[in-house]
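Enquirer: One structure follows; several queries about it will come next.
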Amino acid sequence: MIRRALLISSALAFAALVAACSDNGSKPAGNAGAGAAQQAAPVGVIALTKGTFPITTILPGRAETFQTADIRPQVSGLIREIAFKEGGEIKKGDLLYQIEDAPYIAIVEQAKAAISKAQASVPSAESNLDRYQRLVGSGATQIEFETAKTTLLQAKAEVESAKAALSAAQIDLDHTRIVAPFDGIIDQTAVNVGNVVSANQTTALTTIRQLDPIYISLTESSTNLLKLRDAMAAGDIKGEANVVFHLILENGKEYNQQGKLDMSKQVVSETTGTFIIRVLFPNPDRIVLPGMYVRATVELGAEAGYALPQLATSRDANGRLTAQFVSADGKVETRAFENSSPSNNSWLVTEGIKDGDQLIVSGLQSITSGMPVKPVPMKINDNGVIVPAEQPAAGDAQKPAAK
């Protein structure tokens with residue numbers, strides 16, 4: 001066994017020696033291994049051009065209904081009819097519930113009869129007053145004249161009182177028809193036909209929510225509020241009318257409607273250091289529903305500079321924005337920027353860049369500062385994906401121009 005082990009060890013050592021000799025004989029003169037290590041690595045780049053870009057910020061928020069109404073009866077009675085479809089769309093003035101109205105119709109008729117009765121006594125009182133007025137001092141005393149005047153005033157007051165009673169009775173009769181106060185979506189009903197309800201009861205019969213337009217309540221930090229005010233004072237932002245809101249839904253897609261500022265609370269939360277901004281968005285197709293978590297991109301103005309895609313940037317230990325560029329001698333150059341502003345999916349930089357500078361956007365994981373690289377033109381499509389720059393397909397150069 002020992003002899004066999006020695007033979008195997010000798011064979012392995014001989015094989016290694018032969019391989020080493022073979023490698024030394026095949027290598028060309030010079031330090032070719034070092035040259036291979038310095039071979040330029042291909043990286044995707046985009047050429048930067050100065051332009052005017054929006055200054056934006058992204059805020060988290062929740063969707064809230066524009067209007068909400070809990071429907072309650074204003075008169076008591078038995079539910080005779082439920083005229084809506086639960087969960088359906090309703091219009092302002094649509095009948096929702098019909099309360100039994102026969103008792104209220106009877107009260108209205110009684111009030112009308114009371115008016116007629118009161119009106120019937122007015123002519124007699126007027127005639128009596130005229131007679132006493134002619135006879136004062138020649139057959140009638142002043143006291144009788146004053147009494148006749150009082151009787152006429154009381155008769156007219158009875159008429160007005162009866163008319164007021166009729167108005168009250170008519171209002172109660174109208175309230176037996178419970179109608180929608182505004183356009184919206186109606187919830188399920190809490191009562192059924194045949195149930196008895198009471199005036200101004202605490203339990204709502206149903207709820208209506210208006211979803212078009214819809215509110216988005218956004219949360220912003222007090223620090224950014226101060227920055228916004230400084231920008232407005234400097235004239236970079238002209239005022240609330242210039243602020244544009246775009247909505248990003250839960251699935252990451254952008255909502256196709258623009259919002260406008262409706263209200264901002266002038267109180268900063270003591271616990272979170274934030275304040276609430278309420279934005280109004282059109283919602284004709286009811287895509288945004290109450291309770292949805294959304295993000296809003298806010299355009300605060302515009303500034304001239306260079307847009308560096310966020311996917312090609314990072315932050316150093318001091319919090320400065322950093323990016324990799326291709327230097328004039330074809331090597332990786334790391335640049336740091338003291339000031340930058342968010343602009344959609346990019347960072348807007350105004351200093352340290354000139355037109356034509358090549359920003360490295362792909363292959364960043366395999367490069368280091370000072371390393372030689374081979375730039376490959378790329379572009380970022382509408383979906384934010386890095387793709388090769390468009391090049392003419394083979395054979396296109398031979399095609400005649402379209403007439």
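Residues in the structure tokens are named by chain (A, B, ... in the order shown) and by number from 1 within that chain; ligands are numbered from 1 in the order shown.
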Any chance you could list, as JSON, numbers by chain, the residues in range 142-383 of chain A that come up alpha helix (DSSP H) when DSSP is run on the backbone?
Expert: {"A": [142, 143, 144, 145, 146, 147, 148, 149, 150, 151, 152, 153, 154, 155, 156, 157, 158, 159, 160, 161, 162, 163, 164, 165, 166, 167, 168, 169, 170, 171, 172, 173, 174, 222, 223, 224, 225, 226, 227, 228, 229, 230, 231, 232, 233, 234]}
Enquirer: What's around Val193 in chain A at 10 Å? Count only C-alpha atoms, leave out sequence neighbours fewer than 4 positions away in its own chain, and write the answer as number ranges by chain.
Expert: A: 78-82, 97-99
Enquirer: Quick one: everything within 6 Å of Leu300 in chain A, counting only C-alpha atoms, minus sequence neighbours fewer than 5 positions away in the same chain. Send it as a list in words.
Expert: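 The residues that qualify are Ile55, Thr56 and Val243 of chain A.
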Enquirer: Choose the residue, out of A:Leu95, A:Val298, A:Leu48, A:Ala69, that has the smallest atom-to-atom separation from Ile208 in chain A; count only C-alpha atoms.
Expert: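 Result for the nearest residue to Ile208 in chain A: A:Ala69.
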Enquirer: Kindly give the distance, in Å, that separates CA of Asp187 in chain A and CA of Glu86 in chain A, rounded to a single decimal.
Expert: 5.7 Å
Enquirer: Just want the 10 Å neighbourhood of range 70-73 of chain A, counted on only C-alpha atoms, with same-chain residues fewer than 3 positions away dropped. Output as a list of chain:residue names.
Expert: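 Surrounding residues, per the criterion: A:Ser76, A:Gly77, A:Leu96, A:Tyr97, A:Ile99, A:His175, A:Thr176, A:Arg177, A:Ile178, A:Val179, A:Ala180, A:Pro181, A:Ile186, A:Asp187, A:Thr189, A:Val197, A:Ser198, A:Ala199, A:Asn200, A:Gln201, A:Thr202, A:Thr203, A:Ala204, A:Leu205, A:Thr206, A:Thr207, A:Ile208, A:Arg209.
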Enquirer: Within 8 Å of Thr334 in chain A, counting only C-alpha atoms, which residues qualify if same-chain residues fewer than 5 places away don't, as a ChimeraX atom specification?
Expert: /A:322-325,369
Enquirer: If you take only C-alpha atoms and a cut-off of 12 Å, which residues of range 146-201 of chain A touch range 107-123 of chain A, and what are their nearest atom pairs and distances in Å to one decimal, in chain and number order, as a tab-separated table?
Expert:
residue	atom	partner	partner_atom	distance
A:Ala148	CA	A:Val122	CA	11.4
A:Lys149	CA	A:Val122	CA	11.3
A:Thr150	CA	A:Val122	CA	11.6
A:Thr151	CA	A:Val122	CA	8.9
A:Leu152	CA	A:Val122	CA	6.3
A:Leu153	CA	A:Val122	CA	8.6
A:Gln154	CA	A:Val122	CA	8.9
A:Ala155	CA	A:Val122	CA	5.4
A:Lys156	CA	A:Val122	CA	6.3
A:Ala157	CA	A:Ala118	CA	8.5
A:Glu158	CA	A:Ala118	CA	5.5
A:Val159	CA	A:Ala118	CA	4.9
A:Glu160	CA	A:Ile115	CA	7.9
A:Ser161	CA	A:Ile115	CA	8.2
A:Ala162	CA	A:Ile115	CA	4.9
A:Lys163	CA	A:Ile115	CA	6.1
A:Ala164	CA	A:Ala111	CA	8.7
A:Ala165	CA	A:Ala111	CA	6.0
A:Leu166	CA	A:Ala111	CA	4.7
A:Ser167	CA	A:Val108	CA	8.3
A:Ala168	CA	A:Val108	CA	8.5
A:Ala169	CA	A:Val108	CA	5.1
A:Gln170	CA	A:Val108	CA	6.0
A:Ile171	CA	A:Val108	CA	9.4
A:Asp172	CA	A:Val108	CA	9.0
A:Leu173	CA	A:Val108	CA	7.7
A:Asp174	CA	A:Val108	CA	10.7
Enquirer: Would you pick out the contacts of range 210-224 of chain A at 7 Å or less, using only C-alpha atoms, so that residues sharing its chain but fewer than 6 positions from it are not included, and give the list as an NGL selection string?
Expert: :A and (59-68 or 183-185 or 268 or 273-284 or 286)
Enquirer: Generate a file of the selected residues that holds C-alpha atoms, formatted as a PDB file, in the first residue's frame.
Expert:
ATOM      1  CA  LEU A  59     -45.447  62.006  -1.338  1.00  0.00           C
ATOM      2  CA  PRO A  60     -47.368  59.070   0.171  1.00  0.00           C
ATOM      3  CA  GLY A  61     -51.114  59.400   0.651  1.00  0.00           C
ATOM      4  CA  ARG A  62     -54.542  57.828   0.962  1.00  0.00           C
ATOM      5  CA  ALA A  63     -57.675  58.282  -1.111  1.00  0.00           C
ATOM      6  CA  GLU A  64     -60.738  59.734   0.622  1.00  0.00           C
ATOM      7  CA  THR A  65     -64.318  60.319  -0.521  1.00  0.00           C
ATOM      8  CA  PHE A  66     -65.254  63.779  -1.733  1.00  0.00           C
ATOM      9  CA  GLN A  67     -68.586  63.631   0.147  1.00  0.00           C
ATOM     10  CA  THR A  68     -70.146  61.077   2.468  1.00  0.00           C
ATOM     11  CA  ASP A 183     -74.628  61.905  -7.045  1.00  0.00           C
ATOM     12  CA  GLY A 184     -72.678  58.919  -5.765  1.00  0.00           C
ATOM     13  CA  ILE A 185     -72.491  55.233  -4.929  1.00  0.00           C
ATOM     14  CA  VAL A 268     -47.453  70.286  11.924  1.00  0.00           C
ATOM     15  CA  GLY A 273     -43.178  66.362  12.099  1.00  0.00           C
ATOM     16  CA  THR A 274     -45.441  66.227   9.056  1.00  0.00           C
ATOM     17  CA  PHE A 275     -48.482  68.069   7.793  1.00  0.00           C
ATOM     18  CA  ILE A 276     -51.358  67.088   5.524  1.00  0.00           C
ATOM     19  CA  ILE A 277     -51.904  68.291   1.948  1.00  0.00           C
ATOM     20  CA  ARG A 278     -55.293  67.532   0.393  1.00  0.00           C
ATOM     21  CA  VAL A 279     -55.423  67.280  -3.404  1.00  0.00           C
ATOM     22  CA  LEU A 280     -58.528  67.019  -5.602  1.00  0.00           C
ATOM     23  CA  PHE A 281     -58.453  64.583  -8.548  1.00  0.00           C
ATOM     24  CA  PRO A 282     -61.125  63.946 -11.185  1.00  0.00           C
ATOM     25  CA  ASN A 283     -62.298  60.326 -10.935  1.00  0.00           C
ATOM     26  CA  PRO A 284     -64.882  59.830 -13.721  1.00  0.00           C
ATOM     27  CA  ARG A 286     -63.984  55.522 -10.282  1.00  0.00           C
TER      28      ARG A 286
END
Enquirer: From the list A:Ala190, A:Ile360, A:Ile58, A:Leu311, which residue is nearest Met378 in chain A when using only C-alpha atoms?
Expert: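 Selected residue with least distance to Met378 in chain A: A:Ile360.
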Enquirer: Would you mind writing down, as an MDAnalysis selection string, each residue of range 271-391 of chain A that DSSP on the backbone assigns to strand (DSSP E)?
Expert: chainID A and resid 274:281 293:309 313:315 321:326 332:337 341:343 346:349 358:362 373:380 386:388
Enquirer: For range 384-388 of chain A, list every protein, DNA or RNA residue within 12 Å, evaluated using only C-alpha atoms, and leave out those in the same chain fewer than 6 positions away; present the list as a PyMOL selection string.
Expert: chain A and resi 43-46+309-312+344-346+360-363+375-378
Enquirer: Could the residues in this selection be written to a file with C-alpha atoms, as a PDB file, in the first residue's frame?
Expert:
ATOM      1  CA  VAL A  43     -20.193  49.747 -20.042  1.00  0.00           C
ATOM      2  CA  GLY A  44     -23.483  51.315 -21.110  1.00  0.00           C
ATOM      3  CA  VAL A  45     -23.437  55.104 -21.254  1.00  0.00           C
ATOM      4  CA  ILE A  46     -25.767  57.963 -22.109  1.00  0.00           C
ATOM      5  CA  PRO A 309     -31.212  58.762 -13.732  1.00  0.00           C
ATOM      6  CA  GLN A 310     -31.595  57.565 -10.159  1.00  0.00           C
ATOM      7  CA  LEU A 311     -30.656  54.003 -11.151  1.00  0.00           C
ATOM      8  CA  ALA A 312     -27.161  55.254 -12.138  1.00  0.00           C
ATOM      9  CA  ASN A 344     -39.298  62.451 -11.603  1.00  0.00           C
ATOM     10  CA  ASN A 345     -36.998  59.365 -11.752  1.00  0.00           C
ATOM     11  CA  SER A 346     -33.814  61.442 -11.974  1.00  0.00           C
ATOM     12  CA  ILE A 360     -22.318  55.200 -17.011  1.00  0.00           C
ATOM     13  CA  VAL A 361     -25.756  53.607 -16.570  1.00  0.00           C
ATOM     14  CA  SER A 362     -25.048  49.857 -16.843  1.00  0.00           C
ATOM     15  CA  GLY A 363     -22.176  47.580 -15.880  1.00  0.00           C
ATOM     16  CA  PRO A 375     -18.462  52.994 -23.672  1.00  0.00           C
ATOM     17  CA  VAL A 376     -21.500  51.481 -25.398  1.00  0.00           C
ATOM     18  CA  PRO A 377     -24.297  53.995 -26.254  1.00  0.00           C
ATOM     19  CA  MET A 378     -27.525  53.204 -24.406  1.00  0.00           C
TER      20      MET A 378
END
